[in-house]
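Text of structure19.cif, listed as mmCIF, C-alpha atoms and all ligand atoms; chains and numbers go by the auth columns:
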```cif
data_target
#
loop_
_atom_site.group_PDB
_atom_site.id
_atom_site.type_symbol
_atom_site.label_atom_id
_atom_site.label_comp_id
_atom_site.label_asym_id
_atom_site.label_seq_id
_atom_site.Cartn_x
_atom_site.Cartn_y
_atom_site.Cartn_z
_atom_site.B_iso_or_equiv
_atom_site.auth_seq_id
_atom_site.auth_asym_id
ATOM 1 C CA MET A 1 -25.648 -10.424 -4.138 0.00 14 V
ATOM 2 C CA ILE A 2 -23.693 -9.204 -1.203 0.00 15 V
ATOM 3 C CA SER A 3 -24.819 -8.580 2.300 0.00 16 V
ATOM 4 C CA ASN A 4 -23.535 -6.533 5.157 0.00 17 V
ATOM 5 C CA ASN A 5 -24.293 -7.083 8.803 0.00 18 V
ATOM 6 C CA GLU A 6 -21.760 -4.842 10.505 0.00 19 V
ATOM 7 C CA GLY A 7 -23.832 -3.652 13.406 0.00 20 V
ATOM 8 C CA GLY A 8 -21.032 -2.930 15.879 0.00 21 V
ATOM 9 C CA SER A 9 -23.109 -4.441 18.639 0.00 22 V
ATOM 10 C CA GLY A 10 -20.083 -5.028 20.827 0.00 23 V
ATOM 11 C CA SER A 11 -18.898 -1.436 20.625 0.00 24 V
ATOM 12 C CA GLY A 12 -21.460 0.037 22.950 0.00 25 V
ATOM 13 C CA LEU A 13 -22.405 2.530 20.248 0.00 26 V
ATOM 14 C CA ALA A 14 -25.948 2.927 18.997 0.00 27 V
ATOM 15 C CA SER A 15 -26.219 0.109 16.525 0.00 28 V
ATOM 16 C CA ARG A 16 -28.595 -0.472 13.707 0.00 29 V
ATOM 17 C CA ASN A 17 -29.238 -3.446 11.560 0.00 30 V
ATOM 18 C CA LEU A 18 -27.332 -2.676 8.399 0.00 31 V
ATOM 19 C CA SER A 19 -28.561 -5.692 6.515 0.00 32 V
ATOM 20 C CA VAL A 20 -28.707 -4.805 2.876 0.00 33 V
ATOM 21 C CA GLU A 21 -28.711 -6.726 -0.301 0.00 34 V
ATOM 22 C CA ILE A 22 -27.273 -5.121 -3.367 0.00 35 V
ATOM 23 C CA GLU A 23 -28.462 -6.420 -6.690 0.00 36 V
ATOM 24 C CA LEU A 24 -25.565 -6.846 -9.053 0.00 37 V
ATOM 25 C CA PRO A 25 -26.302 -5.079 -12.315 0.00 38 V
ATOM 26 C CA LYS A 26 -26.995 -7.384 -15.226 0.00 39 V
ATOM 27 C CA ARG A 27 -24.796 -5.386 -17.558 0.00 40 V
ATOM 28 C CA PHE A 28 -21.810 -3.482 -16.270 0.00 41 V
ATOM 29 C CA ASP A 29 -22.796 -0.164 -17.679 0.00 42 V
ATOM 30 C CA PRO A 30 -21.986 3.042 -15.810 0.00 43 V
ATOM 31 C CA ALA A 31 -25.557 3.372 -14.542 0.00 44 V
ATOM 32 C CA GLY A 32 -25.397 -0.073 -12.938 0.00 45 V
ATOM 33 C CA ALA A 33 -22.085 0.731 -11.274 0.00 46 V
ATOM 34 C CA GLN A 34 -23.421 4.093 -10.135 0.00 47 V
ATOM 35 C CA GLU A 35 -26.419 2.405 -8.525 0.00 48 V
ATOM 36 C CA TYR A 36 -24.221 -0.138 -6.720 0.00 49 V
ATOM 37 C CA ILE A 37 -22.048 2.676 -5.342 0.00 50 V
ATOM 38 C CA LYS A 38 -25.069 4.738 -4.302 0.00 51 V
ATOM 39 C CA VAL A 39 -26.519 1.820 -2.332 0.00 52 V
ATOM 40 C CA ALA A 40 -23.132 1.085 -0.720 0.00 53 V
ATOM 41 C CA ILE A 41 -22.780 4.740 0.376 0.00 54 V
ATOM 42 C CA ASP A 42 -26.375 4.858 1.658 0.00 55 V
ATOM 43 C CA ASN A 43 -25.606 1.717 3.650 0.00 56 V
ATOM 44 C CA VAL A 44 -22.583 3.260 5.371 0.00 57 V
ATOM 45 C CA VAL A 45 -24.205 6.645 6.006 0.00 58 V
ATOM 46 C CA SER A 46 -27.442 5.178 7.371 0.00 59 V
ATOM 47 C CA GLY A 47 -25.388 3.197 9.884 0.00 60 V
ATOM 48 C CA LEU A 48 -23.537 6.177 11.364 0.00 61 V
ATOM 49 C CA PRO A 49 -24.074 6.296 15.132 0.00 62 V
ATOM 50 C CA ASP A 50 -26.164 9.129 16.511 0.00 63 V
ATOM 51 C CA PRO A 51 -23.622 11.773 17.653 0.00 64 V
ATOM 52 C CA ASP A 52 -25.724 12.319 20.790 0.00 65 V
ATOM 53 C CA SER A 53 -25.022 8.712 21.776 0.00 66 V
ATOM 54 C CA LEU A 54 -21.236 9.093 21.474 0.00 67 V
ATOM 55 C CA SER A 55 -18.824 9.959 24.249 0.00 68 V
ATOM 56 C CA HIS A 56 -16.128 12.610 23.842 0.00 69 V
ATOM 57 C CA GLU A 57 -13.563 9.834 23.301 0.00 70 V
ATOM 58 C CA GLN A 58 -15.739 8.037 20.722 0.00 71 V
ATOM 59 C CA ARG A 59 -16.171 11.248 18.727 0.00 72 V
ATOM 60 C CA ARG A 60 -12.439 11.942 18.926 0.00 73 V
ATOM 61 C CA GLY A 61 -11.704 8.394 17.769 0.00 74 V
ATOM 62 C CA ILE A 62 -13.827 8.650 14.626 0.00 75 V
ATOM 63 C CA ILE A 63 -12.124 11.903 13.593 0.00 76 V
ATOM 64 C CA ALA A 64 -8.672 10.487 14.427 0.00 77 V
ATOM 65 C CA ARG A 65 -9.164 7.222 12.511 0.00 78 V
ATOM 66 C CA TYR A 66 -10.661 9.047 9.514 0.00 79 V
ATOM 67 C CA THR A 67 -7.613 11.334 9.496 0.00 80 V
ATOM 68 C CA ALA A 68 -5.235 8.377 9.846 0.00 81 V
ATOM 69 C CA VAL A 69 -6.712 6.840 6.693 0.00 82 V
ATOM 70 C CA LEU A 70 -7.179 9.931 4.539 0.00 83 V
ATOM 71 C CA GLU A 71 -4.186 12.137 5.327 0.00 84 V
ATOM 72 C CA GLY A 72 -1.492 9.840 4.003 0.00 85 V
ATOM 73 C CA ASN A 73 -3.356 7.533 1.643 0.00 86 V
ATOM 74 C CA PHE A 74 -5.880 9.436 -0.450 0.00 87 V
ATOM 75 C CA ILE A 75 -3.432 10.992 -2.919 0.00 88 V
ATOM 76 C CA TYR A 76 -1.445 7.756 -3.133 0.00 89 V
ATOM 77 C CA TRP A 77 -4.604 5.776 -3.958 0.00 90 V
ATOM 78 C CA MET A 78 -5.688 8.370 -6.525 0.00 91 V
ATOM 79 C CA THR A 79 -2.181 8.188 -8.016 0.00 92 V
ATOM 80 C CA ALA A 80 -2.543 4.403 -8.264 0.00 93 V
ATOM 81 C CA THR A 81 -5.861 4.983 -10.036 0.00 94 V
ATOM 82 C CA TYR A 82 -4.088 7.239 -12.528 0.00 95 V
ATOM 83 C CA LEU A 83 -1.450 4.560 -13.113 0.00 96 V
ATOM 84 C CA SER A 84 -4.069 1.852 -13.612 0.00 97 V
ATOM 85 C CA VAL A 85 -6.316 3.444 -16.247 0.00 98 V
ATOM 86 C CA HIS A 86 -5.802 3.205 -20.004 0.00 99 V
ATOM 87 C CA SER A 87 -8.082 5.842 -21.532 0.00 100 V
ATOM 88 C CA SER A 88 -6.942 9.397 -22.211 0.00 101 V
ATOM 89 C CA GLU A 89 -10.240 10.707 -20.824 0.00 102 V
ATOM 90 C CA GLY A 90 -9.709 8.714 -17.621 0.00 103 V
ATOM 91 C CA HIS A 91 -6.172 10.046 -17.278 0.00 104 V
ATOM 92 C CA ALA A 92 -7.365 13.637 -17.777 0.00 105 V
ATOM 93 C CA ILE A 93 -10.167 13.324 -15.195 0.00 106 V
ATOM 94 C CA ILE A 94 -7.923 11.749 -12.574 0.00 107 V
ATOM 95 C CA GLU A 95 -5.090 14.201 -13.234 0.00 108 V
ATOM 96 C CA ASP A 96 -7.485 17.111 -12.554 0.00 109 V
ATOM 97 C CA ASN A 97 -8.488 15.451 -9.302 0.00 110 V
ATOM 98 C CA LEU A 98 -4.853 14.926 -8.264 0.00 111 V
ATOM 99 C CA ARG A 99 -3.816 18.465 -9.179 0.00 112 V
ATOM 100 C CA GLU A 100 -6.594 19.874 -6.999 0.00 113 V
ATOM 101 C CA GLU A 101 -5.589 17.638 -4.076 0.00 114 V
ATOM 102 C CA VAL A 102 -1.940 18.666 -4.318 0.00 115 V
ATOM 103 C CA ARG A 103 -2.340 22.332 -5.300 0.00 116 V
ATOM 104 C CA ASP A 104 -4.898 23.049 -2.554 0.00 117 V
ATOM 105 C CA ASN A 105 -2.930 20.957 -0.027 0.00 118 V
ATOM 106 C CA HIS A 106 -5.816 18.782 1.086 0.00 119 V
ATOM 107 C CA PRO A 107 -3.613 16.712 3.458 0.00 120 V
ATOM 108 C CA GLY A 108 -2.619 19.958 5.202 0.00 121 V
ATOM 109 C CA MET A 109 -6.277 21.003 5.310 0.00 122 V
ATOM 110 C CA LEU A 110 -7.239 17.709 6.955 0.00 123 V
ATOM 111 C CA ARG A 111 -4.353 17.964 9.407 0.00 124 V
ATOM 112 C CA ARG A 112 -5.573 21.428 10.516 0.00 125 V
ATOM 113 C CA PHE A 113 -9.090 20.027 10.897 0.00 126 V
ATOM 114 C CA ALA A 114 -7.889 17.196 13.155 0.00 127 V
ATOM 115 C CA VAL A 115 -5.621 19.441 15.246 0.00 128 V
ATOM 116 C CA ALA A 116 -8.443 21.953 15.818 0.00 129 V
ATOM 117 C CA ALA A 117 -10.715 19.124 17.003 0.00 130 V
ATOM 118 C CA HIS A 118 -7.965 17.780 19.324 0.00 131 V
ATOM 119 C CA ALA A 119 -8.225 14.527 17.370 0.00 132 V
ATOM 120 C CA THR A 120 -4.812 13.845 15.833 0.00 133 V
ATOM 121 C CA SER A 121 -4.345 10.108 15.422 0.00 134 V
ATOM 122 C CA THR A 122 -2.429 8.051 17.980 0.00 135 V
ATOM 123 C CA ASP A 123 -0.803 4.622 17.733 0.00 136 V
ATOM 124 C CA VAL A 124 -3.983 3.157 19.221 0.00 137 V
ATOM 125 C CA ASP A 125 -6.116 4.820 16.533 0.00 138 V
ATOM 126 C CA ARG A 126 -3.806 3.569 13.776 0.00 139 V
ATOM 127 C CA THR A 127 -3.665 0.045 15.167 0.00 140 V
ATOM 128 C CA ALA A 128 -7.478 -0.093 15.350 0.00 141 V
ATOM 129 C CA ILE A 129 -7.782 0.207 11.573 0.00 142 V
ATOM 130 C CA ASP A 130 -4.477 -1.319 10.480 0.00 143 V
ATOM 131 C CA ARG A 131 -5.720 -4.697 9.233 0.00 144 V
ATOM 132 C CA GLU A 132 -8.461 -3.148 7.086 0.00 145 V
ATOM 133 C CA LEU A 133 -6.085 -0.438 5.817 0.00 146 V
ATOM 134 C CA GLN A 134 -3.482 -2.991 4.749 0.00 147 V
ATOM 135 C CA ALA A 135 -6.201 -4.910 2.898 0.00 148 V
ATOM 136 C CA VAL A 136 -7.034 -1.791 0.863 0.00 149 V
ATOM 137 C CA ARG A 137 -3.327 -1.257 0.119 0.00 150 V
ATOM 138 C CA ALA A 138 -2.994 -4.850 -1.080 0.00 151 V
ATOM 139 C CA PHE A 139 -5.992 -4.332 -3.369 0.00 152 V
ATOM 140 C CA VAL A 140 -4.615 -1.011 -4.692 0.00 153 V
ATOM 141 C CA ALA A 141 -1.268 -2.684 -5.469 0.00 154 V
ATOM 142 C CA ARG A 142 -2.984 -4.801 -8.142 0.00 155 V
ATOM 143 C CA LEU A 143 -3.662 -1.648 -10.221 0.00 156 V
ATOM 144 C CA ALA A 144 -6.903 -3.167 -11.532 0.00 157 V
ATOM 145 C CA ALA A 145 -8.340 -0.285 -13.551 0.00 158 V
ATOM 146 C CA LEU A 146 -12.115 -0.834 -13.453 0.00 159 V
ATOM 147 C CA GLU A 147 -12.125 -1.976 -9.844 0.00 160 V
ATOM 148 C CA ILE A 148 -9.940 0.834 -8.486 0.00 161 V
ATOM 149 C CA VAL A 149 -11.846 3.542 -10.388 0.00 162 V
ATOM 150 C CA LEU A 150 -15.084 2.286 -8.822 0.00 163 V
ATOM 151 C CA MET A 151 -13.412 2.162 -5.392 0.00 164 V
ATOM 152 C CA MET A 152 -12.391 5.817 -5.699 0.00 165 V
ATOM 153 C CA ALA A 153 -15.831 6.844 -7.021 0.00 166 V
ATOM 154 C CA PHE A 154 -17.287 5.205 -3.901 0.00 167 V
ATOM 155 C CA PHE A 155 -14.653 6.946 -1.737 0.00 168 V
ATOM 156 C CA GLU A 156 -15.383 10.406 -3.157 0.00 169 V
ATOM 157 C CA GLY A 157 -19.123 9.871 -2.854 0.00 170 V
ATOM 158 C CA PHE A 158 -18.813 8.656 0.722 0.00 171 V
ATOM 159 C CA ILE A 159 -16.562 11.576 1.709 0.00 172 V
ATOM 160 C CA GLN A 160 -19.048 14.074 0.316 0.00 173 V
ATOM 161 C CA ARG A 161 -21.956 12.483 2.215 0.00 174 V
ATOM 162 C CA PHE A 162 -19.868 12.101 5.417 0.00 175 V
ATOM 163 C CA MET A 163 -18.804 15.753 5.689 0.00 176 V
ATOM 164 C CA PRO A 164 -21.828 17.152 7.583 0.00 177 V
ATOM 165 C CA TYR A 165 -21.485 14.330 10.127 0.00 178 V
ATOM 166 C CA LEU A 166 -17.714 14.851 10.489 0.00 179 V
ATOM 167 C CA ALA A 167 -18.224 18.609 10.853 0.00 180 V
ATOM 168 C CA ASP A 168 -20.829 17.998 13.561 0.00 181 V
ATOM 169 C CA LEU A 169 -18.420 15.751 15.501 0.00 182 V
ATOM 170 C CA ALA A 170 -15.707 18.430 15.306 0.00 183 V
ATOM 171 C CA VAL A 171 -18.034 21.178 16.550 0.00 184 V
ATOM 172 C CA ARG A 172 -18.944 18.958 19.494 0.00 185 V
ATOM 173 C CA GLN A 173 -15.190 18.669 20.211 0.00 186 V
ATOM 174 C CA GLY A 174 -14.992 22.465 20.395 0.00 187 V
ATOM 175 C CA SER A 175 -13.551 23.085 16.926 0.00 188 V
ATOM 176 C CA HIS A 176 -14.376 26.038 14.702 0.00 189 V
ATOM 177 C CA GLU A 177 -12.216 24.803 11.789 0.00 190 V
ATOM 178 C CA ARG A 178 -14.526 24.094 8.842 0.00 191 V
ATOM 179 C CA GLU A 179 -12.375 24.455 5.711 0.00 192 V
ATOM 180 C CA TYR A 180 -11.816 20.712 5.122 0.00 193 V
ATOM 181 C CA THR A 181 -15.458 19.719 5.566 0.00 194 V
ATOM 182 C CA ASP A 182 -16.790 22.746 3.652 0.00 195 V
ATOM 183 C CA VAL A 183 -14.503 22.103 0.657 0.00 196 V
ATOM 184 C CA HIS A 184 -15.172 18.355 0.518 0.00 197 V
ATOM 185 C CA SER A 185 -18.925 18.615 0.842 0.00 198 V
ATOM 186 C CA VAL A 186 -18.861 20.457 -2.503 0.00 199 V
ATOM 187 C CA VAL A 187 -16.000 19.280 -4.730 0.00 200 V
ATOM 188 C CA ASP A 188 -16.387 15.554 -4.169 0.00 201 V
ATOM 189 C CA LEU A 189 -19.771 15.466 -5.868 0.00 202 V
ATOM 190 C CA ALA A 190 -18.105 16.452 -9.161 0.00 203 V
ATOM 191 C CA HIS A 191 -15.200 14.105 -8.382 0.00 204 V
ATOM 192 C CA THR A 192 -17.572 11.155 -8.020 0.00 205 V
ATOM 193 C CA GLN A 193 -19.206 11.903 -11.365 0.00 206 V
ATOM 194 C CA GLY A 194 -15.779 12.357 -12.969 0.00 207 V
ATOM 195 C CA LEU A 195 -14.674 8.929 -11.808 0.00 208 V
ATOM 196 C CA LEU A 196 -17.883 7.357 -13.100 0.00 209 V
ATOM 197 C CA ASP A 197 -17.141 9.026 -16.457 0.00 210 V
ATOM 198 C CA ALA A 198 -13.616 7.578 -16.274 0.00 211 V
ATOM 199 C CA PHE A 199 -15.155 4.151 -15.602 0.00 212 V
ATOM 200 C CA ALA A 200 -17.309 4.504 -18.713 0.00 213 V
ATOM 201 C CA SER A 201 -14.222 5.376 -20.788 0.00 214 V
ATOM 202 C CA GLU A 202 -12.290 2.494 -19.306 0.00 215 V
ATOM 203 C CA LEU A 203 -15.023 0.003 -20.243 0.00 216 V
ATOM 204 C CA SER A 204 -14.207 0.603 -23.908 0.00 217 V
ATOM 205 C CA PHE A 205 -10.757 -0.876 -23.268 0.00 218 V
ATOM 206 C CA VAL A 206 -12.189 -4.092 -21.862 0.00 219 V
ATOM 207 C CA HIS A 207 -12.681 -6.780 -24.464 0.00 220 V
ATOM 208 C CA GLU A 208 -13.206 -9.844 -22.315 0.00 221 V
ATOM 209 C CA PRO A 209 -16.290 -10.310 -20.074 0.00 222 V
ATOM 210 C CA VAL A 210 -16.059 -8.377 -16.821 0.00 223 V
ATOM 211 C CA SER A 211 -16.118 -10.635 -13.782 0.00 224 V
ATOM 212 C CA HIS A 212 -19.262 -10.070 -11.746 0.00 225 V
ATOM 213 C CA ALA A 213 -17.494 -11.403 -8.688 0.00 226 V
ATOM 214 C CA THR A 214 -14.576 -8.979 -8.655 0.00 227 V
ATOM 215 C CA LEU A 215 -15.771 -5.699 -10.166 0.00 228 V
ATOM 216 C CA PHE A 216 -16.814 -4.250 -6.814 0.00 229 V
ATOM 217 C CA GLU A 217 -14.001 -5.809 -4.801 0.00 230 V
ATOM 218 C CA GLY A 218 -12.356 -2.422 -4.256 0.00 231 V
ATOM 219 C CA VAL A 219 -15.627 -0.861 -3.139 0.00 232 V
ATOM 220 C CA GLU A 220 -16.104 -3.663 -0.633 0.00 233 V
ATOM 221 C CA VAL A 221 -12.573 -3.637 0.777 0.00 234 V
ATOM 222 C CA LEU A 222 -12.810 0.140 1.264 0.00 235 V
ATOM 223 C CA ARG A 223 -16.303 -0.132 2.726 0.00 236 V
ATOM 224 C CA THR A 224 -14.903 -2.549 5.311 0.00 237 V
ATOM 225 C CA LEU A 225 -12.185 -0.007 6.178 0.00 238 V
ATOM 226 C CA ILE A 226 -14.719 2.819 6.517 0.00 239 V
ATOM 227 C CA ASN A 227 -16.846 0.669 8.797 0.00 240 V
ATOM 228 C CA ALA A 228 -13.732 0.116 10.939 0.00 241 V
ATOM 229 C CA ILE A 229 -13.226 3.903 11.128 0.00 242 V
ATOM 230 C CA ILE A 230 -16.779 4.259 12.422 0.00 243 V
ATOM 231 C CA ARG A 231 -16.846 1.176 14.660 0.00 244 V
ATOM 232 C CA PRO A 232 -13.333 -0.221 15.250 0.00 245 V
HETATM 233 FE FE FE B . -9.418 16.119 -0.908 0.00 1 T
#
```
Let me see whether you can do it: turn the structure in this file into structure tokens.
Ligand SMILES: [Fe+2]
Amino acid sequence: MISNNEGGSGSGLASRNLSVEIELPKRFDPAGAQEYIKVAIDNVVSGLPDPDSLSHEQRRGIIARYTAVLEGNFIYWMTATYLSVHSSEGHAIIEDNLREEVRDNHPGMLRRFAVAAHATSTDVDRTAIDRELQAVRAFVARLAALEIVLMMAFFEGFIQRFMPYLADLAVRQGSHEREYTDVHSVVDLAHTQGLLDAFASELSFVHEPVSHATLFEGVEVLRTLINAIIRP
């Protein structure tokens, strides 16, 4: 069981009780992992503050912190995922993902999105999420295959669900740039499923019992970072 009580009550933002208990699956089959990730994403998305309750600066901050995390880290973390897996199917799925990121210049796409919303990240934005970001980097450095694949499946699924909200914030900041949010509200659904397929392939390489305590460690360390993006 895990629980989450990040309500952001001190932030002045509309807060909700995010208490949730996630039942650990009895067997670590892909369906159990998929359910855990779905609940974790629902938890984050249901806790997003009402855009009407946010000031101009609060909206700018969310876009800026999201950009600070994604622009320079997403491809590096997906590369680490590629390096960590053992199965040929996992390698093929993750390589497709990486090729799309690089070929379609997703960091450049995100940069244009942030510039158009007048929300490029500042030192203050970067400092606000630094501790949680470094924790994710320390986790990624372990190259733990099952755990990092699940982290990235959670990441892709969250990004896809977050796009309408992010697009709404940008429109409220006067932006008409929609390429990043339009692209990621579509492709990341397939990316999430691909990573869950990679997880299933990777399970066949695991011969010792999977630790219940650590399997979702990557999901949790990234969920903490995403909560810091939303409510620093
Ligand atoms: Fe992307």
inquiry  = Suppose a student applies the PyMOL selection byres (((not hetatm)) within 7 of (chain T and resi 1)) to this structure; what residues should they get, written as an MDAnalysis selection string?
reply    = chainID V and resid 114 119 197
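Those residues that approach Phe87 of chain V to within 9 Å, counting all atoms listed in the file, are Val82, Thr92, Glu114 and Pro120 of chain V; same-chain residues fewer than 5 positions away are not listed.
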request  = Can you give me, as an NGL selection string, the residues this file yields under the PyMOL selection byres (((chain V and resi 43) around 12) and not hetatm)?
outcome  = :V and (38-42 or 44-50 or 159 or 162-163 or 166 or 206-217)
Pull out every residue that the PyMOL selection byres (((chain V and resi 186) around 12) and not hetatm) matches in the shown coordinates and put them as a PDB file with C-alpha atoms, in the coordinates of the input.
```
ATOM      1  CA  PRO V  64     -23.622  11.773  17.653  1.00  0.00           C
ATOM      2  CA  LEU V  67     -21.236   9.093  21.474  1.00  0.00           C
ATOM      3  CA  SER V  68     -18.824   9.959  24.249  1.00  0.00           C
ATOM      4  CA  HIS V  69     -16.128  12.610  23.842  1.00  0.00           C
ATOM      5  CA  GLU V  70     -13.563   9.834  23.301  1.00  0.00           C
ATOM      6  CA  GLN V  71     -15.739   8.037  20.722  1.00  0.00           C
ATOM      7  CA  ARG V  72     -16.171  11.248  18.727  1.00  0.00           C
ATOM      8  CA  ARG V  73     -12.439  11.942  18.926  1.00  0.00           C
ATOM      9  CA  GLY V  74     -11.704   8.394  17.769  1.00  0.00           C
ATOM     10  CA  ILE V  75     -13.827   8.650  14.626  1.00  0.00           C
ATOM     11  CA  ILE V  76     -12.124  11.903  13.593  1.00  0.00           C
ATOM     12  CA  ALA V  77      -8.672  10.487  14.427  1.00  0.00           C
ATOM     13  CA  PHE V 126      -9.090  20.027  10.897  1.00  0.00           C
ATOM     14  CA  ALA V 127      -7.889  17.196  13.155  1.00  0.00           C
ATOM     15  CA  VAL V 128      -5.621  19.441  15.246  1.00  0.00           C
ATOM     16  CA  ALA V 129      -8.443  21.953  15.818  1.00  0.00           C
ATOM     17  CA  ALA V 130     -10.715  19.124  17.003  1.00  0.00           C
ATOM     18  CA  HIS V 131      -7.965  17.780  19.324  1.00  0.00           C
ATOM     19  CA  ALA V 132      -8.225  14.527  17.370  1.00  0.00           C
ATOM     20  CA  LEU V 179     -17.714  14.851  10.489  1.00  0.00           C
ATOM     21  CA  ALA V 180     -18.224  18.609  10.853  1.00  0.00           C
ATOM     22  CA  ASP V 181     -20.829  17.998  13.561  1.00  0.00           C
ATOM     23  CA  LEU V 182     -18.420  15.751  15.501  1.00  0.00           C
ATOM     24  CA  ALA V 183     -15.707  18.430  15.306  1.00  0.00           C
ATOM     25  CA  VAL V 184     -18.034  21.178  16.550  1.00  0.00           C
ATOM     26  CA  ARG V 185     -18.944  18.958  19.494  1.00  0.00           C
ATOM     27  CA  GLY V 187     -14.992  22.465  20.395  1.00  0.00           C
ATOM     28  CA  SER V 188     -13.551  23.085  16.926  1.00  0.00           C
ATOM     29  CA  HIS V 189     -14.376  26.038  14.702  1.00  0.00           C
ATOM     30  CA  GLU V 190     -12.216  24.803  11.789  1.00  0.00           C
TER      31      GLU V 190
END
```
request  = Provide the atom CA of Pro177 of chain V to atom CA of Asn56 of chain V distance in Å, to one decimal place.
outcome  =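 We find that atom CA of Pro177 of chain V and atom CA of Asn56 of chain V lie 16.4 Å from each other.
The space separating atom CA of Glu108 of chain V from atom CA of Trp90 of chain V comes to 12.5 Å.
The spacing separating atom CA of Leu61 of chain V from atom CA of Tyr178 of chain V amounts to 8.5 Å.
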ask   = For the point (-19.8, 6.9, 1.2) in file coordinates, what residues are within 7 Å, counting only C-alpha atoms? Give the answer as a list in words?
value = Ala53, Ile54, Asp55, Val57, Val58, Phe167, Phe168, Gly170, Phe171, Ile172, Arg174 and Phe175 of chain V
For those residues, write C-alpha atoms to a file as a short mmCIF file (atom, residue, chain, number, x, y, z; two decimals), in the frame of the given file.
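out10.cif, freshly written:
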```cif
data_model
loop_
_atom_site.label_atom_id
_atom_site.label_comp_id
_atom_site.auth_asym_id
_atom_site.auth_seq_id
_atom_site.Cartn_x
_atom_site.Cartn_y
_atom_site.Cartn_z
CA ALA V 53 -23.13 1.08 -0.72
CA ILE V 54 -22.78 4.74 0.38
CA ASP V 55 -26.38 4.86 1.66
CA VAL V 57 -22.58 3.26 5.37
CA VAL V 58 -24.20 6.64 6.01
CA PHE V 167 -17.29 5.20 -3.90
CA PHE V 168 -14.65 6.95 -1.74
CA GLY V 170 -19.12 9.87 -2.85
CA PHE V 171 -18.81 8.66 0.72
CA ILE V 172 -16.56 11.58 1.71
CA ARG V 174 -21.96 12.48 2.22
CA PHE V 175 -19.87 12.10 5.42
#
```
How about completing segment 114-127 of chain V with N, CA and C atoms and giving it to me as a compact mmCIF listing (two decimals), keeping the file's coordinate frame?
```txt
# COMPACT_ATOMS: atom_id res chain seq x y z
N GLU V 114 -6.02 18.15 -5.38
CA GLU V 114 -5.59 17.64 -4.08
C GLU V 114 -4.24 18.22 -3.66
N VAL V 115 -3.31 18.23 -4.63
CA VAL V 115 -1.94 18.67 -4.32
C VAL V 115 -1.87 20.19 -4.22
N ARG V 116 -2.43 20.87 -5.23
CA ARG V 116 -2.34 22.33 -5.30
C ARG V 116 -3.01 22.99 -4.09
N ASP V 117 -4.17 22.45 -3.68
CA ASP V 117 -4.90 23.05 -2.55
C ASP V 117 -4.51 22.42 -1.22
N ASN V 118 -3.49 21.56 -1.25
CA ASN V 118 -2.93 20.96 -0.03
C ASN V 118 -4.01 20.34 0.85
N HIS V 119 -4.76 19.41 0.30
CA HIS V 119 -5.82 18.78 1.09
C HIS V 119 -5.30 18.01 2.30
N PRO V 120 -4.11 17.35 2.22
CA PRO V 120 -3.61 16.71 3.46
C PRO V 120 -3.37 17.74 4.56
N GLY V 121 -2.84 18.92 4.20
CA GLY V 121 -2.62 19.96 5.20
C GLY V 121 -3.93 20.47 5.78
N MET V 122 -4.94 20.57 4.90
CA MET V 122 -6.28 21.00 5.31
C MET V 122 -6.87 20.03 6.33
N LEU V 123 -6.71 18.73 6.05
CA LEU V 123 -7.24 17.71 6.96
C LEU V 123 -6.48 17.71 8.27
N ARG V 124 -5.17 17.90 8.19
CA ARG V 124 -4.35 17.96 9.41
C ARG V 124 -4.83 19.11 10.31
N ARG V 125 -5.08 20.28 9.73
CA ARG V 125 -5.57 21.43 10.52
C ARG V 125 -6.93 21.11 11.15
N PHE V 126 -7.77 20.41 10.38
CA PHE V 126 -9.09 20.03 10.90
C PHE V 126 -8.95 19.13 12.14
N ALA V 127 -8.06 18.13 12.04
CA ALA V 127 -7.89 17.20 13.16
C ALA V 127 -7.26 17.88 14.37
```
